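Asks: So that you have it, the file is run03.tsv, and it contains TSV, C-alpha atoms:
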```tsv
chain	number	residue	atom	x	y	z
D	1	MET	CA	27.68	2.71	-10.21
D	2	SER	CA	28.24	4.01	-13.74
D	3	SER	CA	26.23	2.90	-16.72
D	4	HIS	CA	26.02	3.68	-20.38
D	5	TRP	CA	22.48	4.98	-20.08
D	6	PRO	CA	21.96	8.73	-20.21
D	7	HIS	CA	21.32	10.66	-17.04
D	8	LEU	CA	17.87	12.31	-17.03
D	9	ASN	CA	17.65	15.81	-15.60
D	10	LYS	CA	13.85	15.64	-15.65
D	11	ALA	CA	13.24	12.01	-14.77
D	12	PRO	CA	9.53	11.05	-14.85
D	13	ILE	CA	9.76	9.03	-11.62
D	14	VAL	CA	6.81	9.43	-9.25
D	15	GLU	CA	7.94	6.72	-6.83
D	16	ALA	CA	11.17	4.79	-6.45
D	17	LEU	CA	11.49	2.14	-3.80
D	18	ILE	CA	13.66	-0.51	-2.22
D	19	ASP	CA	11.67	-3.45	-0.85
D	20	ILE	CA	13.27	-6.03	1.46
D	21	ARG	CA	11.00	-8.90	2.42
D	22	SER	CA	12.13	-10.73	5.48
D	23	GLU	CA	11.32	-13.33	8.07
D	24	LEU	CA	10.83	-12.01	11.59
D	25	PRO	CA	10.72	-13.86	14.92
D	26	GLU	CA	7.22	-15.00	15.85
D	27	ALA	CA	7.21	-12.77	18.90
D	28	VAL	CA	7.44	-9.64	16.75
D	29	ASP	CA	4.07	-7.96	16.42
D	30	LEU	CA	2.59	-4.62	15.39
D	31	LYS	CA	3.50	-3.10	18.74
D	32	THR	CA	7.14	-4.07	18.26
D	33	LEU	CA	7.14	-2.44	14.84
D	34	ALA	CA	5.37	0.65	16.17
D	35	SER	CA	8.32	1.26	18.48
D	36	ILE	CA	10.47	2.02	15.41
D	37	HIS	CA	8.73	5.37	15.41
D	38	GLU	CA	10.51	6.39	18.60
D	39	ARG	CA	13.81	6.15	16.71
D	40	ILE	CA	12.78	8.01	13.56
D	41	ARG	CA	10.08	10.39	14.75
D	42	ASP	CA	12.22	13.51	14.13
D	43	THR	CA	12.44	12.91	10.40
D	44	TYR	CA	9.32	10.76	9.94
D	45	PRO	CA	6.72	12.34	12.24
D	46	LYS	CA	3.61	10.80	10.66
D	47	LYS	CA	2.68	7.26	11.68
D	48	ASN	CA	-0.20	5.20	10.31
D	49	LEU	CA	-1.28	1.59	10.45
D	50	VAL	CA	-1.46	-0.04	7.03
D	51	ALA	CA	-3.67	-2.93	6.08
D	52	GLU	CA	-4.29	-5.31	3.26
D	53	TRP	CA	-7.85	-6.15	2.32
D	54	HIS	CA	-9.23	-8.93	0.19
D	55	GLN	CA	-12.74	-9.04	-1.14
D	56	GLU	CA	-14.28	-11.61	-3.44
D	57	ILE	CA	-16.91	-10.46	-5.88
D	58	GLN	CA	-18.96	-13.11	-7.61
D	59	LEU	CA	-19.94	-12.22	-11.14
D	60	GLY	CA	-23.66	-11.90	-11.64
D	61	SER	CA	-25.94	-13.46	-14.18
D	62	ALA	CA	-29.40	-12.75	-15.57
D	63	GLU	CA	-30.92	-14.50	-12.53
D	64	SER	CA	-28.73	-13.16	-9.75
D	65	PRO	CA	-26.92	-9.83	-9.32
D	66	PRO	CA	-23.18	-9.69	-8.55
D	67	GLN	CA	-22.45	-10.47	-4.92
D	68	ALA	CA	-19.62	-9.05	-2.84
D	69	LYS	CA	-18.41	-11.14	0.10
D	70	GLU	CA	-17.37	-9.47	3.34
D	71	PRO	CA	-13.85	-8.07	3.14
D	72	THR	CA	-11.13	-10.03	4.92
D	73	GLY	CA	-7.57	-9.11	5.87
D	74	GLY	CA	-6.23	-6.64	8.35
D	75	PRO	CA	-3.22	-4.70	9.59
D	76	LYS	CA	0.14	-5.56	8.06
D	77	GLY	CA	2.39	-2.97	9.68
D	78	HIS	CA	3.11	0.71	10.00
D	79	ARG	CA	3.87	3.48	7.58
D	80	PHE	CA	6.02	6.44	8.59
D	81	ASP	CA	5.93	9.54	6.39
D	82	SER	CA	8.45	12.38	6.40
D	83	ALA	CA	7.09	15.82	7.28
D	84	ASP	CA	7.10	16.88	3.61
D	85	GLY	CA	5.51	13.57	2.57
D	86	ILE	CA	8.27	12.82	0.05
D	87	GLN	CA	9.86	9.86	1.83
D	88	VAL	CA	7.99	6.93	3.29
D	89	ILE	CA	9.16	3.98	5.35
D	90	GLN	CA	6.98	0.91	5.71
D	91	ALA	CA	7.73	-1.50	8.56
D	92	ARG	CA	5.54	-4.54	8.07
D	93	LEU	CA	5.37	-8.02	9.51
D	94	ASP	CA	6.71	-9.27	6.16
D	95	GLY	CA	9.48	-6.75	5.69
D	96	PHE	CA	10.70	-3.25	5.06
D	97	THR	CA	10.22	-0.74	2.25
D	98	PHE	CA	11.78	2.65	1.68
D	99	SER	CA	10.08	4.89	-0.91
D	100	ARG	CA	11.16	8.18	-2.37
D	101	LEU	CA	8.37	10.09	-4.08
D	102	LYS	CA	8.65	12.94	-6.58
D	103	PRO	CA	11.08	14.71	-6.88
D	104	TYR	CA	13.46	11.78	-7.16
D	105	ILE	CA	17.06	12.59	-6.27
D	106	LYS	CA	19.38	9.76	-7.17
D	107	TRP	CA	20.00	6.07	-6.68
D	108	ASN	CA	22.72	6.60	-4.09
D	109	HIS	CA	20.32	8.59	-1.95
D	110	LEU	CA	17.71	5.83	-2.25
D	111	ILE	CA	20.26	3.21	-1.20
D	112	GLU	CA	21.83	5.19	1.64
D	113	GLU	CA	18.46	6.05	3.17
D	114	SER	CA	17.34	2.45	2.78
D	115	LYS	CA	20.51	1.21	4.51
D	116	ARG	CA	20.10	3.64	7.38
D	117	TYR	CA	16.51	2.67	8.18
D	118	TRP	CA	16.98	-1.01	7.34
D	119	ARG	CA	19.50	-1.10	10.21
D	120	VAL	CA	16.89	0.37	12.57
D	121	PHE	CA	14.29	-2.12	11.33
D	122	CYS	CA	16.72	-5.03	11.86
D	123	GLU	CA	17.61	-3.89	15.37
D	124	ILE	CA	14.02	-3.57	16.51
D	125	ALA	CA	12.40	-6.40	14.57
D	126	GLY	CA	15.33	-8.82	14.95
D	127	VAL	CA	15.17	-9.87	11.28
D	128	LEU	CA	16.05	-13.54	10.87
D	129	LYS	CA	16.49	-13.74	7.12
D	130	VAL	CA	16.01	-11.72	3.93
D	131	VAL	CA	13.91	-13.68	1.44
D	132	ARG	CA	13.15	-11.26	-1.39
D	133	LEU	CA	14.77	-8.09	-2.72
D	134	ALA	CA	13.21	-5.60	-5.10
D	135	THR	CA	13.54	-2.22	-6.64
D	136	ARG	CA	10.51	-0.65	-8.26
D	137	PHE	CA	10.27	2.57	-10.23
D	138	ILE	CA	6.90	4.04	-11.11
D	139	ASN	CA	7.10	6.62	-13.88
D	140	ARG	CA	4.47	8.98	-15.19
D	141	ILE	CA	5.22	9.85	-18.79
D	142	PRO	CA	3.38	12.86	-20.22
D	143	LEU	CA	2.56	12.82	-23.92
D	144	ALA	CA	1.03	15.64	-25.90
D	145	MET	CA	-2.25	14.85	-27.62
D	146	PRO	CA	-3.04	13.56	-30.12
D	147	VAL	CA	-0.99	10.39	-29.72
D	148	ASN	CA	-1.50	8.95	-33.17
D	149	GLU	CA	1.03	6.15	-32.93
D	150	LEU	CA	1.94	4.73	-29.54
D	151	GLY	CA	4.93	3.18	-31.30
D	152	ASP	CA	6.39	6.65	-31.77
D	153	TRP	CA	6.81	6.83	-28.00
D	154	PHE	CA	7.04	3.29	-26.65
D	155	VAL	CA	8.91	0.27	-27.93
D	156	THR	CA	7.30	-1.89	-25.25
D	157	ARG	CA	3.58	-1.48	-25.88
D	158	PRO	CA	0.39	-3.28	-26.83
D	159	GLU	CA	-0.23	-3.48	-30.53
D	160	LEU	CA	-3.36	-4.08	-32.60
D	161	ALA	CA	-3.11	-5.67	-36.00
D	162	ALA	CA	-2.27	-2.80	-38.36
D	163	SER	CA	-4.94	-3.98	-40.80
D	164	LEU	CA	-7.64	-3.23	-38.21
D	165	GLY	CA	-6.87	0.47	-38.31
D	166	PHE	CA	-8.88	1.09	-35.13
D	167	PRO	CA	-7.80	3.78	-32.68
D	168	LEU	CA	-6.74	2.53	-29.24
D	169	SER	CA	-8.47	4.51	-26.48
D	170	ASP	CA	-7.40	2.62	-23.36
D	171	TYR	CA	-5.45	-0.43	-22.23
D	172	PHE	CA	-3.71	-2.08	-19.33
D	173	LEU	CA	-0.49	-3.90	-20.14
D	174	ARG	CA	1.11	-6.25	-17.61
D	175	LEU	CA	4.16	-8.25	-18.55
D	176	VAL	CA	5.96	-10.68	-16.26
D	177	ILE	CA	9.50	-11.60	-17.23
D	178	THR	CA	11.35	-14.53	-15.67
D	179	PHE	CA	15.11	-14.36	-16.03
D	180	SER	CA	17.30	-17.38	-16.65
D	181	ASP	CA	18.22	-17.85	-12.98
D	182	GLN	CA	14.48	-18.45	-12.34
D	183	ASN	CA	14.70	-16.44	-9.12
D	184	THR	CA	14.66	-13.01	-10.75
D	185	LYS	CA	11.52	-11.56	-12.24
D	186	ALA	CA	10.35	-8.23	-13.56
D	187	ILE	CA	6.80	-6.99	-13.69
D	188	ILE	CA	6.09	-4.23	-16.17
D	189	ASN	CA	2.78	-2.39	-15.96
D	190	GLN	CA	1.78	0.25	-18.44
D	191	LYS	CA	-1.47	2.16	-18.44
D	192	PRO	CA	-2.74	5.49	-19.75
D	193	GLU	CA	-4.10	7.90	-17.17
D	194	SER	CA	-6.64	10.55	-17.94
D	195	GLY	CA	-4.89	13.83	-18.73
D	196	ASP	CA	-6.35	17.29	-19.00
D	197	GLY	CA	-8.81	16.30	-21.70
D	198	SER	CA	-7.59	16.99	-25.19
D	199	LYS	CA	-4.16	18.50	-24.52
D	200	SER	CA	-2.17	15.71	-22.93
D	201	VAL	CA	-2.24	12.19	-21.63
D	202	SER	CA	0.02	10.52	-19.07
D	203	LEU	CA	1.16	6.95	-19.20
D	204	LEU	CA	2.04	5.12	-16.02
D	205	PHE	CA	5.09	3.00	-16.70
D	206	ASP	CA	5.85	0.84	-13.69
D	207	ILE	CA	8.93	-1.41	-13.53
D	208	ASP	CA	9.25	-3.79	-10.59
D	209	VAL	CA	12.33	-6.03	-10.54
D	210	PHE	CA	12.78	-8.57	-7.76
D	211	ARG	CA	14.77	-11.65	-6.79
D	212	MET	CA	14.04	-14.41	-4.31
D	213	VAL	CA	17.03	-14.79	-2.00
D	214	SER	CA	18.09	-16.26	1.31
D	215	LEU	CA	20.46	-13.80	2.95
D	216	ASP	CA	21.65	-12.76	6.36
D	217	PRO	CA	20.16	-9.34	7.27
D	218	GLY	CA	23.67	-7.85	7.59
D	219	SER	CA	24.98	-9.26	4.34
D	220	ASP	CA	26.58	-6.92	1.78
D	221	GLN	CA	25.06	-9.17	-0.84
D	222	ILE	CA	21.73	-7.39	-0.23
D	223	TRP	CA	23.10	-4.16	-1.70
D	224	LYS	CA	25.06	-5.88	-4.46
D	225	THR	CA	21.91	-7.68	-5.52
D	226	LEU	CA	19.95	-4.44	-5.54
D	227	GLU	CA	22.57	-2.94	-7.89
D	228	GLU	CA	22.02	-5.85	-10.24
D	229	LEU	CA	18.26	-5.39	-10.10
D	230	ARG	CA	18.69	-1.71	-10.79
D	231	ALA	CA	20.74	-2.48	-13.92
D	232	ILE	CA	17.86	-4.63	-15.16
D	233	LYS	CA	15.37	-1.89	-14.32
D	234	ASN	CA	17.40	0.68	-16.26
D	235	ARG	CA	17.67	-1.59	-19.26
D	236	ILE	CA	13.91	-2.19	-19.28
D	237	PHE	CA	13.24	1.54	-18.94
D	238	PHE	CA	15.55	2.83	-21.65
D	239	GLU	CA	14.98	0.05	-24.14
D	240	SER	CA	11.20	0.38	-23.76
D	241	LEU	CA	11.18	4.05	-24.78
D	242	THR	CA	11.89	5.53	-28.17
D	243	PRO	CA	14.66	8.18	-28.47
D	244	GLN	CA	11.90	10.78	-28.94
D	245	THR	CA	10.44	9.92	-25.51
D	246	VAL	CA	13.82	9.93	-23.78
D	247	GLN	CA	14.34	13.46	-25.14
D	248	LEU	CA	11.36	14.63	-23.05
D	249	PHE	CA	13.40	14.08	-19.89
D	250	ASP	CA	16.44	16.21	-20.74
D	251	PRO	CA	19.02	13.44	-21.10
D	252	VAL	CA	22.75	14.05	-20.82
D	253	LYS	CA	25.63	11.74	-21.68
D	254	PRO	CA	26.55	9.46	-18.77
D	255	GLU	CA	30.30	10.10	-18.27
D	256	GLY	CA	30.33	8.12	-15.08
D	257	LYS	CA	27.07	9.49	-13.79
D	258	ASP	CA	24.08	7.49	-12.68
D	259	SER	CA	21.37	6.87	-15.21
D	260	HIS	CA	17.55	6.84	-14.94
D	261	GLY	CA	16.52	9.79	-12.89
D	262	SER	CA	19.72	10.56	-11.10
D	263	ILE	CA	21.34	13.96	-11.03
D	264	GLY	CA	24.84	12.71	-10.52
Z	1	MET	CA	-10.58	-9.45	-19.87
Z	2	ALA	CA	-13.65	-8.56	-17.77
Z	3	ALA	CA	-15.72	-8.18	-20.92
Z	4	LEU	CA	-14.53	-11.59	-22.07
Z	5	VAL	CA	-15.46	-13.13	-18.73
Z	6	ASP	CA	-18.92	-11.55	-19.01
Z	7	GLN	CA	-19.35	-12.99	-22.47
Z	8	ILE	CA	-18.36	-16.40	-21.22
Z	9	HIS	CA	-20.84	-16.16	-18.38
Z	10	SER	CA	-23.57	-15.39	-20.85
Z	11	ALA	CA	-22.84	-18.67	-22.59
Z	12	LYS	CA	-22.67	-20.90	-19.52
Z	13	SER	CA	-24.30	-23.85	-21.18
Z	14	SER	CA	-21.40	-24.36	-23.56
Z	15	PRO	CA	-18.82	-26.93	-22.34
Z	16	SER	CA	-16.05	-25.20	-24.30
Z	17	ALA	CA	-16.92	-21.88	-22.68
Z	18	GLN	CA	-16.65	-23.57	-19.29
Z	19	LYS	CA	-13.14	-24.73	-20.17
Z	20	ILE	CA	-12.13	-21.23	-21.21
Z	21	GLU	CA	-13.62	-19.85	-18.01
Z	22	ASP	CA	-11.59	-22.32	-15.92
Z	23	PHE	CA	-8.48	-21.37	-17.85
Z	24	LEU	CA	-9.08	-17.65	-17.31
Z	25	GLU	CA	-9.72	-18.08	-13.61
Z	26	LYS	CA	-6.52	-20.10	-13.20
Z	27	SER	CA	-4.57	-17.53	-15.22
Z	28	LEU	CA	-5.88	-14.69	-13.11
Z	29	ALA	CA	-5.03	-16.57	-9.91
Z	30	ARG	CA	-1.51	-17.24	-11.21
Z	31	SER	CA	-1.07	-13.60	-12.18
Z	32	LYS	CA	-2.18	-12.49	-8.71
Z	33	SER	CA	0.27	-14.89	-7.06
Z	34	ILE	CA	3.15	-12.90	-8.60
Z	35	ASP	CA	3.26	-10.39	-5.86
Z	36	SER	CA	4.26	-6.83	-6.65
Z	37	SER	CA	6.67	-4.91	-4.42
Z	38	ALA	CA	5.21	-2.68	-1.75
Z	39	SER	CA	4.66	0.75	-3.26
Z	40	THR	CA	3.02	3.36	-1.05
Z	41	ASN	CA	-0.31	2.53	-2.70
Z	42	LYS	CA	-0.17	-1.21	-2.18
Z	43	TYR	CA	-1.40	-1.17	1.40
Z	44	ALA	CA	-4.22	1.02	2.59
Z	45	VAL	CA	-3.80	3.34	5.53
Z	46	ILE	CA	-6.35	2.25	8.14
Z	47	THR	CA	-9.14	4.78	8.47
Z	48	GLU	CA	-12.28	5.25	10.56
Z	49	LYS	CA	-14.28	3.13	8.12
Z	50	ASP	CA	-11.94	0.18	8.62
Z	51	PHE	CA	-12.56	0.14	12.37
Z	52	TYR	CA	-16.28	-0.30	11.69
Z	53	ILE	CA	-15.49	-3.16	9.29
Z	54	PHE	CA	-13.46	-4.82	12.05
Z	55	ALA	CA	-16.24	-4.23	14.56
Z	56	LYS	CA	-18.68	-6.01	12.27
Z	57	ASN	CA	-16.53	-8.80	10.83
Z	58	ASP	CA	-13.81	-9.43	13.37
Z	59	PRO	CA	-14.51	-7.71	16.71
Z	60	THR	CA	-11.72	-9.58	18.45
Z	61	LYS	CA	-9.22	-8.07	16.03
Z	62	LEU	CA	-10.51	-4.58	16.79
Z	63	ILE	CA	-10.22	-5.16	20.53
Z	64	GLN	CA	-6.68	-6.48	20.05
Z	65	LEU	CA	-5.80	-3.38	18.03
Z	66	ILE	CA	-7.17	-1.08	20.71
Z	67	SER	CA	-5.45	-2.98	23.50
Z	68	ALA	CA	-2.11	-3.21	21.71
Z	69	GLU	CA	-1.39	0.49	22.31
Z	70	ILE	CA	-0.27	1.00	18.74
Z	71	LEU	CA	-2.91	3.49	17.59
Z	72	GLU	CA	-2.37	7.21	17.74
Z	73	PRO	CA	-5.05	9.11	19.74
Z	74	ASN	CA	-6.73	10.41	16.57
Z	75	ASP	CA	-7.21	6.83	15.36
Z	76	LEU	CA	-7.92	5.39	18.78
Z	77	THR	CA	-10.93	7.67	19.29
Z	78	PHE	CA	-12.51	6.32	16.07
Z	79	ALA	CA	-11.60	2.77	17.05
Z	80	ALA	CA	-13.32	3.31	20.41
Z	81	GLU	CA	-16.48	4.62	18.77
Z	82	ALA	CA	-16.44	1.66	16.38
Z	83	ALA	CA	-15.94	-0.75	19.30
Z	84	GLY	CA	-19.19	0.61	20.68
Z	85	THR	CA	-21.00	-0.98	17.73
Z	86	ILE	CA	-19.84	-4.47	18.71
Z	87	GLN	CA	-23.01	-6.23	19.73
Z	88	ASP	CA	-21.42	-8.39	22.40
Z	89	LYS	CA	-21.10	-6.08	25.41
Z	90	GLU	CA	-18.85	-8.59	27.17
Z	91	ILE	CA	-16.25	-7.88	24.49
Z	92	ALA	CA	-16.81	-4.16	24.00
Z	93	VAL	CA	-17.52	-2.69	27.44
Z	94	PRO	CA	-14.37	-3.69	29.40
Z	95	VAL	CA	-12.02	-2.19	26.82
Z	96	LEU	CA	-14.10	1.00	26.52
Z	97	LEU	CA	-14.18	1.43	30.30
Z	98	ARG	CA	-10.38	1.15	30.30
Z	99	LEU	CA	-10.17	3.85	27.62
Z	100	LEU	CA	-12.02	6.26	29.92
Z	101	GLU	CA	-8.71	6.45	31.77
Z	102	HIS	CA	-6.63	7.16	28.67
Z	103	MET	CA	-4.36	10.19	28.95
Z	104	SER	CA	-5.76	11.76	25.75
Z	105	PRO	CA	-9.14	13.52	26.14
Z	106	VAL	CA	-9.86	12.79	22.46
Z	107	VAL	CA	-9.65	9.07	23.19
Z	108	ARG	CA	-11.78	9.39	26.34
Z	109	GLU	CA	-14.43	11.17	24.28
Z	110	GLY	CA	-14.42	8.34	21.76
Z	111	ALA	CA	-14.83	5.85	24.59
Z	112	VAL	CA	-17.81	7.80	25.95
Z	113	TYR	CA	-19.53	7.70	22.54
Z	114	GLY	CA	-18.66	4.02	22.19
Z	115	LEU	CA	-20.27	3.29	25.55
Z	116	SER	CA	-23.45	5.09	24.49
Z	117	ASN	CA	-24.53	1.83	22.83
Z	118	HIS	CA	-24.06	-0.16	26.04
Z	119	LEU	CA	-25.75	1.90	28.76
Z	120	SER	CA	-26.15	-0.61	31.56
Z	121	GLN	CA	-26.54	0.69	35.11
Z	122	ARG	CA	-22.85	0.02	35.76
Z	123	VAL	CA	-21.81	2.02	32.68
Z	124	ILE	CA	-24.16	4.89	33.55
Z	125	GLU	CA	-22.69	5.14	37.05
Z	126	ARG	CA	-19.17	5.16	35.65
Z	127	LEU	CA	-20.06	7.87	33.12
Z	128	LYS	CA	-21.61	10.04	35.85
Z	129	GLU	CA	-18.34	9.72	37.70
Z	130	VAL	CA	-16.45	10.80	34.59
Z	131	GLU	CA	-18.69	13.84	34.23
Z	132	ARG	CA	-17.83	14.83	37.80
Z	133	LEU	CA	-14.11	14.14	37.75
Z	134	ASP	CA	-12.73	14.42	34.22
Z	135	ARG	CA	-10.64	17.52	33.60
Z	136	SER	CA	-11.66	17.90	29.97
Z	137	PRO	CA	-14.75	20.03	29.18
Z	138	GLY	CA	-15.10	18.09	25.91
Z	139	VAL	CA	-15.30	14.77	27.73
Z	140	LYS	CA	-17.81	16.14	30.27
Z	141	GLU	CA	-19.95	17.49	27.43
Z	142	ALA	CA	-19.83	14.13	25.64
Z	143	VAL	CA	-21.06	12.40	28.80
Z	144	ARG	CA	-23.92	14.88	29.21
Z	145	GLU	CA	-24.92	14.32	25.58
Z	146	VAL	CA	-24.88	10.54	25.98
Z	147	LEU	CA	-26.77	10.52	29.25
Z	148	GLU	CA	-29.37	13.18	28.46
Z	149	ASP	CA	-31.80	10.63	27.04
Z	150	VAL	CA	-31.52	8.21	29.93
Z	151	LEU	CA	-31.41	10.52	32.92
Z	152	PRO	CA	-34.20	12.79	34.16
Z	153	SER	CA	-33.36	16.43	33.40
```
Using the file provided, produce a representation of the structure as structure tokens.
Replies:
Amino acid sequence: MSSHWPHLNKAPIVEALIDIRSELPEAVDLKTLASIHERIRDTYPKKNLVAEWHQEIQLGSAESPPQAKEPTGGPKGHRFDSADGIQVIQARLDGFTFSRLKPYIKWNHLIEESKRYWRVFCEIAGVLKVVRLATRFINRIPLAMPVNELGDWFVTRPELAASLGFPLSDYFLRLVITFSDQNTKAIINQKPESGDGSKSVSLLFDIDVFRMVSLDPGSDQIWKTLEELRAIKNRIFFESLTPQTVQLFDPVKPEGKDSHGSIG
Amino acid sequence: MAALVDQIHSAKSSPSAQKIEDFLEKSLARSKSIDSSASTNKYAVITEKDFYIFAKNDPTKLIQLISAEILEPNDLTFAAEAAGTIQDKEIAVPVLLRLLEHMSPVVREGAVYGLSNHLSQRVIERLKEVERLDRSPGVKEAVREVLEDVLPS
């Protein structure tokens, strides 16, 4: 799909993913999902169980110290990593995720790989329905120190009252956007990471766009919807950065090429 | 936000502070309910430590995991050792005895170490049999190590 956004030769993407949440038959369990490995072992030789943990921590007071309750949760599915560790498939009881880590190639690659392994997941897990679709791009944006004005680099950013004149040393920005259809949302996270001391700092810029749906697992609408989510993601990315920041990533005019992070 | 919560906790007696605290807690809960998509960091890869957490908090879940035949040998050996820390021998011992027949010697070793916490006469007899018959020197050595304190030299 073409877009008017520039193509970035040096895209700052550290992880790009397609996430397809789905409803599975009750009989499907971790063992069923583990058998996916037999089909993909050649390209994804590493297999691990993944879990989700929850732990409540009660804030302390002068009289009583903080108290951590016992963790709860447990296994959610399996994770299959490619031999080079750059591509990861998650097959969970709540759905499927395909991730491409750095170096990112292009959107078409992300989609084609997702399609290929989504078919395997559907065959083995017998997916009943797709309920949520997402694309998420996590970027790491390096900035040379000192960063005097965050506004020189980011249009989407936290901002202190100018009259305060205080330097900002750290922050965590989380924005949730609900689009007019009410079923589509975007979560934007932005956070500085520690760099190499005084020379540079990296900012994590994480854009997660998703839509609640009710689709047949074989429906073409899955991929059409993901294209729409990607267009939103691109808009958030490019309109959140200043031209100076975009220049860091070696942009070239689109001319029918893909945008954020693709190489054509 | 955390600093603000701390400040509010230090002023617990104030009714208005209580209202703000309720508001913050509800806001945080609402924020958490907007679930992010599953990046590779969202879910933790299960490690040795997790098997011990299961053994302590939810031993049945650990036994189910071991019995489900979904763990790779390198994980299953840790799971077997962790299962040995389950206090209830009725839960732990049968599954560990089954693992003594696992095709991977690494797993059988883990089962031997797991059984070291449950050395009943029946288990000791079974381990002596393993020492005699198992083809793996590592497994035999593990049995000798486990039994050296309970058997006359």
Asks: Could you give me, as an mmCIF file with C-alpha atoms, keeping the file's coordinate frame, the residues within 10 Å of range 99-111 of chain Z, counting all atoms listed in the file and dropping anything in the same chain fewer than 6 positions from it?
Replies:
```
data_model
loop_
_atom_site.group_PDB
_atom_site.id
_atom_site.type_symbol
_atom_site.label_atom_id
_atom_site.label_comp_id
_atom_site.auth_asym_id
_atom_site.auth_seq_id
_atom_site.Cartn_x
_atom_site.Cartn_y
_atom_site.Cartn_z
ATOM 1 C CA ILE Z 66 -7.170 -1.080 20.710
ATOM 2 C CA SER Z 67 -5.450 -2.980 23.500
ATOM 3 C CA GLU Z 72 -2.370 7.210 17.740
ATOM 4 C CA PRO Z 73 -5.050 9.110 19.740
ATOM 5 C CA ASN Z 74 -6.730 10.410 16.570
ATOM 6 C CA ASP Z 75 -7.210 6.830 15.360
ATOM 7 C CA LEU Z 76 -7.920 5.390 18.780
ATOM 8 C CA THR Z 77 -10.930 7.670 19.290
ATOM 9 C CA PHE Z 78 -12.510 6.320 16.070
ATOM 10 C CA ALA Z 79 -11.600 2.770 17.050
ATOM 11 C CA ALA Z 80 -13.320 3.310 20.410
ATOM 12 C CA GLU Z 81 -16.480 4.620 18.770
ATOM 13 C CA ALA Z 82 -16.440 1.660 16.380
ATOM 14 C CA ALA Z 83 -15.940 -0.750 19.300
ATOM 15 C CA GLY Z 84 -19.190 0.610 20.680
ATOM 16 C CA VAL Z 93 -17.520 -2.690 27.440
ATOM 17 C CA ARG Z 126 -19.170 5.160 35.650
ATOM 18 C CA LEU Z 127 -20.060 7.870 33.120
ATOM 19 C CA VAL Z 130 -16.450 10.800 34.590
ATOM 20 C CA ASP Z 134 -12.730 14.420 34.220
ATOM 21 C CA ARG Z 135 -10.640 17.520 33.600
ATOM 22 C CA SER Z 136 -11.660 17.900 29.970
ATOM 23 C CA PRO Z 137 -14.750 20.030 29.180
ATOM 24 C CA GLY Z 138 -15.100 18.090 25.910
ATOM 25 C CA VAL Z 139 -15.300 14.770 27.730
ATOM 26 C CA LYS Z 140 -17.810 16.140 30.270
ATOM 27 C CA GLU Z 141 -19.950 17.490 27.430
ATOM 28 C CA ALA Z 142 -19.830 14.130 25.640
ATOM 29 C CA VAL Z 143 -21.060 12.400 28.800
#
```
Asks: Given a cut-off of 10 Å, which residues of chain Z touch chain D, counting all atoms listed in the file, written out as an MDAnalysis selection string?
Replies: chainID Z and resid 2 5:6 9:10 12 31 34:40 42:47 50 53:54 56:58 61:62 65 68:72 75
Asks: Which residues, written as an NGL selection string, have at least one atom at most 9 Å from range 211-221 of chain D, with only C-alpha atoms counted and residues fewer than 5 positions away on the same chain left out?
Replies: :D and (22 or 118-119 or 122 or 127-134 or 182-186 or 226 or 229)
Asks: Just the number, please: distance in Å from CA of Phe121 in chain D to CA of Asn234 in chain D, one decimal.
Replies: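 Pair CA of Phe121 in chain D / CA of Asn234 in chain D returns 27.9 Å.
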Asks: One decimal, Å: what's the distance from CA of Val123 in chain Z over to CA of Leu96 in chain Z, could you say?
Replies: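 So the two atoms, CA of Val123 in chain Z and CA of Leu96 in chain Z, lie 9.9 Å apart.
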Asks: If we count only C-alpha atoms, what is near Ile141 in chain D at a cut-off of 12 Å, once residues fewer than 4 positions away on the same chain are taken out, given as a PDB file with C-alpha atoms, in the coordinates of the input?
Replies:
```pdb
ATOM      1  CA  LYS D  10      13.850  15.640 -15.650  1.00  0.00           C
ATOM      2  CA  ALA D  11      13.240  12.010 -14.770  1.00  0.00           C
ATOM      3  CA  PRO D  12       9.530  11.050 -14.850  1.00  0.00           C
ATOM      4  CA  ILE D  13       9.760   9.030 -11.620  1.00  0.00           C
ATOM      5  CA  VAL D  14       6.810   9.430  -9.250  1.00  0.00           C
ATOM      6  CA  TRP D 153       6.810   6.830 -28.000  1.00  0.00           C
ATOM      7  CA  PHE D 154       7.040   3.290 -26.650  1.00  0.00           C
ATOM      8  CA  GLN D 190       1.780   0.250 -18.440  1.00  0.00           C
ATOM      9  CA  LYS D 191      -1.470   2.160 -18.440  1.00  0.00           C
ATOM     10  CA  PRO D 192      -2.740   5.490 -19.750  1.00  0.00           C
ATOM     11  CA  GLU D 193      -4.100   7.900 -17.170  1.00  0.00           C
ATOM     12  CA  SER D 194      -6.640  10.550 -17.940  1.00  0.00           C
ATOM     13  CA  GLY D 195      -4.890  13.830 -18.730  1.00  0.00           C
ATOM     14  CA  SER D 200      -2.170  15.710 -22.930  1.00  0.00           C
ATOM     15  CA  VAL D 201      -2.240  12.190 -21.630  1.00  0.00           C
ATOM     16  CA  SER D 202       0.020  10.520 -19.070  1.00  0.00           C
ATOM     17  CA  LEU D 203       1.160   6.950 -19.200  1.00  0.00           C
ATOM     18  CA  LEU D 204       2.040   5.120 -16.020  1.00  0.00           C
ATOM     19  CA  PHE D 205       5.090   3.000 -16.700  1.00  0.00           C
ATOM     20  CA  ASP D 206       5.850   0.840 -13.690  1.00  0.00           C
ATOM     21  CA  PHE D 237      13.240   1.540 -18.940  1.00  0.00           C
ATOM     22  CA  LEU D 241      11.180   4.050 -24.780  1.00  0.00           C
ATOM     23  CA  THR D 245      10.440   9.920 -25.510  1.00  0.00           C
ATOM     24  CA  VAL D 246      13.820   9.930 -23.780  1.00  0.00           C
ATOM     25  CA  GLN D 247      14.340  13.460 -25.140  1.00  0.00           C
ATOM     26  CA  LEU D 248      11.360  14.630 -23.050  1.00  0.00           C
ATOM     27  CA  PHE D 249      13.400  14.080 -19.890  1.00  0.00           C
TER      28      PHE D 249
END
```
